[in-house]
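S.K.: I'm passing along run02.txt; it holds compact mmCIF, C-alpha atoms.
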```
# COMPACT_ATOMS: atom_id res chain seq x y z
CA MET A 1 12.24 63.48 139.78
CA LYS A 2 13.62 64.95 142.98
CA GLN A 3 17.41 65.44 143.31
CA THR A 4 19.20 64.81 146.59
CA VAL A 5 20.95 67.70 148.38
CA ASP A 6 24.39 65.99 148.38
CA GLU A 7 24.46 65.22 144.71
CA PRO A 8 26.85 67.61 142.93
CA ASP A 9 25.57 69.79 140.22
CA ARG A 10 27.51 68.28 137.40
CA ARG A 11 26.34 70.88 134.97
CA THR A 12 27.65 73.71 137.14
CA ILE A 13 31.03 72.01 137.56
CA GLY A 14 31.27 71.48 133.85
CA LEU A 15 30.62 75.13 133.12
CA MET A 16 33.31 76.18 135.63
CA ILE A 17 35.86 73.91 134.06
CA ARG A 18 35.07 75.26 130.61
CA ALA A 19 35.44 78.84 131.96
CA VAL A 20 38.86 78.11 133.46
CA VAL A 21 40.09 76.49 130.27
CA PHE A 22 38.83 79.46 128.26
CA VAL A 23 40.59 81.98 130.52
CA ALA A 24 43.82 80.00 130.34
CA PHE A 25 43.54 79.88 126.56
CA LEU A 26 43.05 83.63 126.35
CA ALA A 27 46.03 84.26 128.66
CA ALA A 28 48.29 82.00 126.66
CA PHE A 29 47.32 83.83 123.51
CA LEU A 30 47.10 87.46 124.68
CA VAL A 31 49.97 87.78 127.26
CA PRO A 32 52.78 87.36 124.69
CA THR A 33 51.10 90.02 122.50
CA GLY A 34 51.04 92.50 125.41
CA VAL A 35 47.29 92.87 125.43
CA ILE A 36 47.19 91.52 128.98
CA PRO A 37 50.13 93.00 131.00
CA ILE A 38 51.92 91.07 133.71
CA ILE A 39 51.82 92.93 137.01
CA SER A 40 54.47 91.98 139.55
CA VAL A 41 53.10 91.48 143.00
CA ALA A 42 56.32 92.23 144.84
CA SER A 43 59.83 92.86 143.61
CA GLU A 44 62.95 92.70 145.74
CA GLY A 45 64.38 96.13 146.37
CA SER A 46 61.32 98.00 145.00
CA GLU A 47 61.01 101.44 146.47
CA GLY A 48 58.36 101.66 149.13
CA GLU A 49 57.90 97.90 149.37
CA ALA A 50 59.48 95.45 151.76
CA SER A 51 61.32 92.62 150.10
CA LEU A 52 60.46 89.13 151.16
CA PRO A 53 63.11 87.22 153.07
CA GLY A 54 64.78 84.47 151.15
CA PRO A 55 67.39 81.80 151.74
CA ALA A 56 71.01 82.93 152.06
CA ILE A 57 73.11 82.04 149.05
CA ILE A 58 76.66 80.84 149.91
CA PRO A 59 78.99 80.63 146.93
CA LEU A 60 80.86 77.35 146.98
CA ALA A 61 83.33 78.01 144.18
CA GLY A 62 84.79 81.26 145.52
CA SER A 63 87.67 81.60 148.01
CA THR A 64 87.49 83.45 151.27
CA PRO A 65 89.39 86.74 150.96
CA VAL A 66 92.45 86.90 153.19
CA PRO A 67 93.66 90.34 154.32
CA SER A 68 97.16 91.15 153.13
CA VAL A 69 99.81 91.37 155.83
CA GLU A 70 102.83 93.57 155.33
CA PRO A 71 106.03 91.60 156.00
CA ALA A 72 107.89 92.82 159.05
CA ASP A 73 111.27 94.39 158.47
CA PRO A 74 114.05 91.99 159.45
CA THR A 75 115.99 92.94 162.53
CA PRO A 76 119.13 94.75 161.36
CA HIS A 77 122.42 93.07 162.20
CA VAL A 78 124.39 94.86 164.90
CA PRO A 79 128.12 94.29 164.31
CA HIS A 80 129.82 92.57 167.22
CA VAL A 81 133.59 92.67 167.74
CA GLY A 82 136.05 91.91 170.48
CA ILE A 83 139.03 94.14 171.29
CA ILE A 84 141.86 92.71 173.39
CA ALA A 85 144.02 95.28 175.17
CA GLY A 86 147.31 93.40 174.95
CA HIS A 87 148.82 92.31 178.30
CA THR A 88 145.98 93.91 180.29
CA GLY A 89 145.21 91.91 183.40
CA SER A 90 148.36 89.86 182.91
CA ASP A 91 151.69 91.73 182.76
CA SER A 92 153.31 94.97 181.62
CA GLY A 93 154.42 93.79 178.20
CA ALA A 94 157.50 95.51 176.79
CA VAL A 95 159.10 98.19 178.99
CA CYS A 96 161.26 101.07 177.73
CA PRO A 97 164.32 102.32 179.66
CA ASP A 98 162.35 105.35 180.83
CA GLY A 99 159.64 103.14 182.31
CA LEU A 100 157.01 103.40 179.55
CA GLN A 101 155.03 100.16 179.55
CA GLU A 102 153.42 98.56 176.53
CA VAL A 103 150.28 97.71 178.48
CA GLN A 104 149.65 101.43 179.06
CA ILE A 105 149.70 102.12 175.32
CA ASN A 106 147.61 99.07 174.44
CA THR A 107 144.94 99.83 177.03
CA GLU A 108 144.53 103.46 176.01
CA ILE A 109 144.20 102.59 172.32
CA ALA A 110 141.83 99.67 172.97
CA ARG A 111 139.52 101.82 175.10
CA ARG A 112 139.33 104.41 172.38
CA VAL A 113 138.59 101.78 169.73
CA VAL A 114 135.73 100.36 171.80
CA ALA A 115 134.31 103.85 172.44
CA LEU A 116 134.39 104.73 168.73
CA LEU A 117 132.67 101.46 167.76
CA ASN A 118 130.01 101.90 170.42
CA GLN A 119 129.33 105.40 169.11
CA ARG A 120 128.78 103.82 165.70
CA GLY A 121 126.15 101.51 167.19
CA TRP A 122 128.29 98.38 167.28
CA GLN A 123 128.62 96.00 170.19
CA ALA A 124 132.29 96.10 171.15
CA ASP A 125 133.75 94.08 174.02
CA LEU A 126 136.90 95.29 175.79
CA LEU A 127 138.83 92.14 176.73
CA ASP A 128 141.86 91.38 178.89
CA GLU A 129 144.80 89.39 177.56
CA PHE A 130 143.60 86.12 179.08
CA ASP A 131 139.96 87.04 179.50
CA VAL A 132 137.74 84.08 180.41
CA ARG A 133 135.25 85.30 177.80
CA LEU A 134 137.70 84.31 175.06
CA ASN A 135 136.76 80.65 175.49
CA GLY A 136 134.49 79.93 172.52
CA TYR A 137 134.15 83.66 171.82
CA GLN A 138 131.88 84.36 168.83
CA ALA A 139 131.83 87.70 167.01
CA ASP A 140 132.21 89.29 163.60
CA ALA A 141 135.88 89.87 164.38
CA LEU A 142 138.46 89.86 167.17
CA ILE A 143 141.45 92.21 167.26
CA SER A 144 144.32 92.13 169.75
CA ILE A 145 146.20 95.42 170.09
CA HIS A 146 149.90 95.49 170.93
CA ALA A 147 152.97 97.70 170.47
CA ASP A 148 156.59 96.85 169.64
CA SER A 149 159.42 97.35 172.12
CA CYS A 150 162.08 100.04 172.42
CA THR A 151 164.79 97.52 171.54
CA TYR A 152 165.42 98.67 167.96
CA PRO A 153 166.42 102.33 167.60
CA GLY A 154 165.54 103.71 164.18
CA LYS A 155 162.80 101.10 163.64
CA SER A 156 159.35 102.33 162.67
CA GLY A 157 156.20 100.77 161.28
CA PHE A 158 153.32 98.46 162.09
CA LYS A 159 152.30 94.91 161.25
CA VAL A 160 149.16 92.77 161.23
CA ALA A 161 148.96 88.98 161.23
CA ARG A 162 146.44 86.16 161.56
CA ALA A 163 146.86 82.53 162.65
CA GLU A 164 149.31 80.51 160.53
CA SER A 165 146.73 77.69 160.52
CA SER A 166 143.23 79.08 160.03
CA TYR A 167 139.80 77.50 159.66
CA ILE A 168 138.67 80.54 157.69
CA PRO A 169 141.77 81.80 155.83
CA GLY A 170 139.76 83.79 153.28
CA ASP A 171 137.96 85.83 155.91
CA GLU A 172 141.08 86.36 157.99
CA ASP A 173 143.17 87.38 154.99
CA ARG A 174 140.54 89.99 154.20
CA LEU A 175 140.58 91.17 157.83
CA VAL A 176 144.37 91.56 157.71
CA ALA A 177 144.16 93.37 154.37
CA CYS A 178 141.48 95.79 155.63
CA LEU A 179 143.40 96.61 158.81
CA SER A 180 146.70 97.04 156.98
CA ARG A 181 145.30 99.28 154.28
CA PHE A 182 143.25 101.61 156.46
CA TYR A 183 145.64 101.74 159.39
CA GLN A 184 148.47 102.77 157.08
CA ALA A 185 146.26 105.38 155.42
CA ARG A 186 145.24 106.89 158.76
CA THR A 187 148.59 106.84 160.59
CA GLY A 188 151.10 107.16 157.76
CA LEU A 189 153.16 104.27 159.15
CA ALA A 190 154.63 101.69 156.79
CA PHE A 191 153.78 98.00 156.95
CA ASP A 192 156.75 96.05 158.33
CA ALA A 193 156.35 92.41 157.29
CA ASN A 194 159.94 91.51 158.20
CA THR A 195 159.34 91.64 161.95
CA ILE A 196 156.20 89.43 162.10
CA THR A 197 156.98 86.74 164.71
CA TYR A 198 155.56 83.44 165.90
CA ASP A 199 154.07 85.34 168.83
CA MET A 200 151.76 86.91 166.27
CA THR A 201 150.99 83.93 164.00
CA ARG A 202 150.61 81.52 166.93
CA TYR A 203 148.88 83.95 169.27
CA HIS A 204 147.10 82.11 172.08
CA ALA A 205 143.68 83.69 171.54
CA TYR A 206 143.40 82.13 168.06
CA TYR A 207 143.06 78.73 169.72
CA GLU A 208 140.62 79.79 172.42
CA ILE A 209 137.91 81.59 170.43
CA ASN A 210 135.29 79.98 168.22
CA GLN A 211 136.95 78.73 165.04
CA ASN A 212 134.54 80.78 162.90
CA THR A 213 135.47 84.11 164.50
CA PRO A 214 137.96 85.97 162.27
CA ALA A 215 140.88 87.21 164.35
CA ALA A 216 144.09 89.18 163.92
CA ILE A 217 146.77 90.84 166.02
CA ILE A 218 148.18 94.29 165.30
CA GLU A 219 151.47 95.72 166.50
CA ALA A 220 150.50 99.38 166.26
CA GLY A 221 154.04 100.80 166.13
CA PHE A 222 157.42 100.84 167.86
CA MET A 223 157.50 102.34 171.32
CA LEU A 224 160.73 104.23 170.60
CA ASP A 225 160.59 105.78 167.14
CA ASP A 226 156.76 105.78 166.88
CA ARG A 227 156.25 106.96 170.46
CA GLU A 228 154.86 110.37 169.49
CA LEU A 229 152.06 108.72 167.54
CA LEU A 230 151.33 105.98 170.07
CA VAL A 231 151.44 108.17 173.18
CA GLU A 232 150.53 111.67 172.02
CA ARG A 233 147.98 110.78 169.30
CA PRO A 234 146.26 107.56 170.38
CA GLU A 235 143.00 108.78 168.84
CA VAL A 236 144.62 108.55 165.38
CA VAL A 237 145.83 105.02 166.09
CA ALA A 238 142.40 104.00 167.34
CA GLN A 239 140.64 105.50 164.33
CA GLY A 240 142.95 103.61 161.97
CA ILE A 241 141.94 100.31 163.61
CA VAL A 242 138.27 101.29 163.51
CA ASP A 243 138.56 102.15 159.80
CA GLY A 244 139.95 98.69 159.13
CA LEU A 245 137.16 97.00 161.06
CA ILE A 246 134.51 98.98 159.20
CA CYS A 247 136.09 97.88 155.94
CA PHE A 248 135.96 94.23 157.02
CA VAL A 249 132.59 94.04 158.77
CA GLU A 250 130.61 96.33 156.45
CA GLY A 251 132.01 94.71 153.35
CA GLU A 252 134.26 97.17 151.59
CA GLU A 253 136.40 95.42 149.04
CA VAL A 254 140.15 95.51 149.54
CA PRO A 255 142.37 94.88 146.50
```
Could you express the structure from this file as structure tokens?
M.R.:
Amino acid sequence: MKQTVDEPDRRTIGLMIRAVVFVAFLAAFLVPTGVIPIISVASEGSEGEASLPGPAIIPLAGSTPVPSVEPADPTPHVPHVGIIAGHTGSDSGAVCPDGLQEVQINTEIARRVVALLNQRGWQADLLDEFDVRLNGYQADALISIHADSCTYPGKSGFKVARAESSYIPGDEDRLVACLSRFYQARTGLAFDANTITYDMTRYHAYYEINQNTPAAIIEAGFMLDDRELLVERPEVVAQGIVDGLICFVEGEEVP
């Protein structure tokens, strides 16, 4: 009987299937025993062979590293103080029989105080008695420099006072204490509390400046008996005031 050309050779197909099954059976049996080795076709990173490109793997659980940033150093505080040269721009102040004027003494001392503070790196403002800048003035401290008259022969000493009614009595008491202690140590003058007047405790500038600016007035000495110190050694007077301000602004404790 004649077979057609398109009819598949079923016997041949059957033999091929049996061969494939036999090979698979042998592989399943012999590969685990090592008789038939497994040869890798291509391995990633093998020397001399190009690795096949693959999909990029993006970890979802990890966090993106953030570079550390060093904190910037805070801007250092520059102390800021105001120095009033008593009576400057207003009047002469007390006048001695020989013509010595208080304003001359006050101005010379105040200028030296400002110069010393500027040399230390502070911002120091030299102010007139009724300076327009006093209105709402804000600073770490305000000091008004004055001298006592020639009226009392035999009288010597200095005094410091703050406002009788203060918004910040603790700060101003410490300012007075610092000035008194260090001014006395520098000049050798005694503190004279008995001659503190209303002109000192009710000084006009207290009520013009910002209420949070600590302020005090110093009578640096008597123009008669303390004249040698006030006129001939103003640098010592100025340094005593500066010492007191450093104590107050830079935080030295005063018993």
S.K.: Can you work out the spacing between CA of Glu108 (chain A) and CA of Ser166 (chain A) in Å, to one decimal?
M.R.: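 About the pair CA of Glu108 (chain A) and CA of Ser166 (chain A): they are 29.2 Å apart.
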S.K.: Please, which residues are within 12 Å of (137.7, 85.1, 154.2) by the file's coordinates, counting all atoms listed in the file, and could they come as a list in words?
M.R.: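 Nearby residues: Asp140, Ala141, Arg162, Ser166, Tyr167, Ile168, Pro169, Gly170, Asp171, Glu172, Asp173, Arg174, Leu175, Val176, Ala177, Cys178, Asn212, Thr213, Pro214, Ala215, Phe248, Val249, Gly251, Glu253 and Val254 of chain A.
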S.K.: So how many Å separate CA of Tyr198 (chain A) and CA of Glu252 (chain A), to one decimal?
M.R.: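 Answer for the CA of Tyr198 (chain A) to CA of Glu252 (chain A) separation: 29.1 Å.
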S.K.: Just checking: using all atoms listed in the file, which residue out of A:Pro234, A:Gly221, A:Gly89, A:Gly244 ends up closest to Asp192 (chain A)?
M.R.: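 Result for the nearest residue to Asp192 (chain A): A:Gly221.
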S.K.: One decimal, in Å: what's the spacing between CA of Thr88 (chain A) and CA of Ala185 (chain A)?
M.R.: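 CA of Ala185 (chain A) lies at a distance of 27.4 Å from CA of Thr88 (chain A).
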S.K.: A:Ile209, A:Met200, A:Ala220, A:Leu229: which is nearest Asn106 (chain A), counting only C-alpha atoms?
M.R.: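 For Asn106 (chain A), the nearest of the candidates is A:Ala220.
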S.K.: Any idea what's packed within 9 Å of Tyr137 (chain A), counting all atoms listed in the file, ignoring anything in its chain fewer than 4 positions away? Could you give it as a list of chain:residue names?
M.R.: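 My list of contacting residues is A:Gly82, A:Arg133, A:Leu142, A:Glu208, A:Ile209, A:Asn210, A:Gln211, A:Thr213.
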S.K.: Using all atoms listed in the file, determine which residues lie at most 6 Å from region 149-161 of chain A, disregarding the query and same-chain residues fewer than 3 positions distant; provide the list as a ChimeraX atom specification.
M.R.: /A:94,96,189-192,216-225
S.K.: Please identify all polymer residues within 9 Å of Gly121 (chain A), counting all atoms listed in the file, omitting same-chain residues fewer than 4 positions from it, and present them as an NGL selection string.
M.R.: :A and (78-79 or 116-117)
S.K.: Determine, counting all atoms listed in the file, every residue of protein, DNA or RNA that lies within 7 Å of (137.7, 106.4, 167.2) in the file coordinates, then give the result as a VMD selection string.
M.R.: chain A and resid 112 to 113 115 to 116 235 238 to 239 242
S.K.: Which residue, A:Ala85, A:Ile109, A:Val236, A:Leu245, has the smallest gap to Ser180 (chain A) when you use all atoms listed in the file?
M.R.: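 Among the listed residues, the smallest separation from Ser180 (chain A) belongs to A:Leu245.
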S.K.: Rank A:Ala139, A:His204, A:Leu100, A:Gln119 by their smallest atom-to-atom distance to Val81 (chain A), using all atoms listed in the file, and report the top residue only.
M.R.: A:Ala139
S.K.: Can you pull out the residues contacting Ile241 (chain A)? Cut-off 8 Å, using all atoms listed in the file, and skip same-chain residues under 5 positions away; I want them as number ranges by chain.
M.R.: A: 113, 179, 182-183
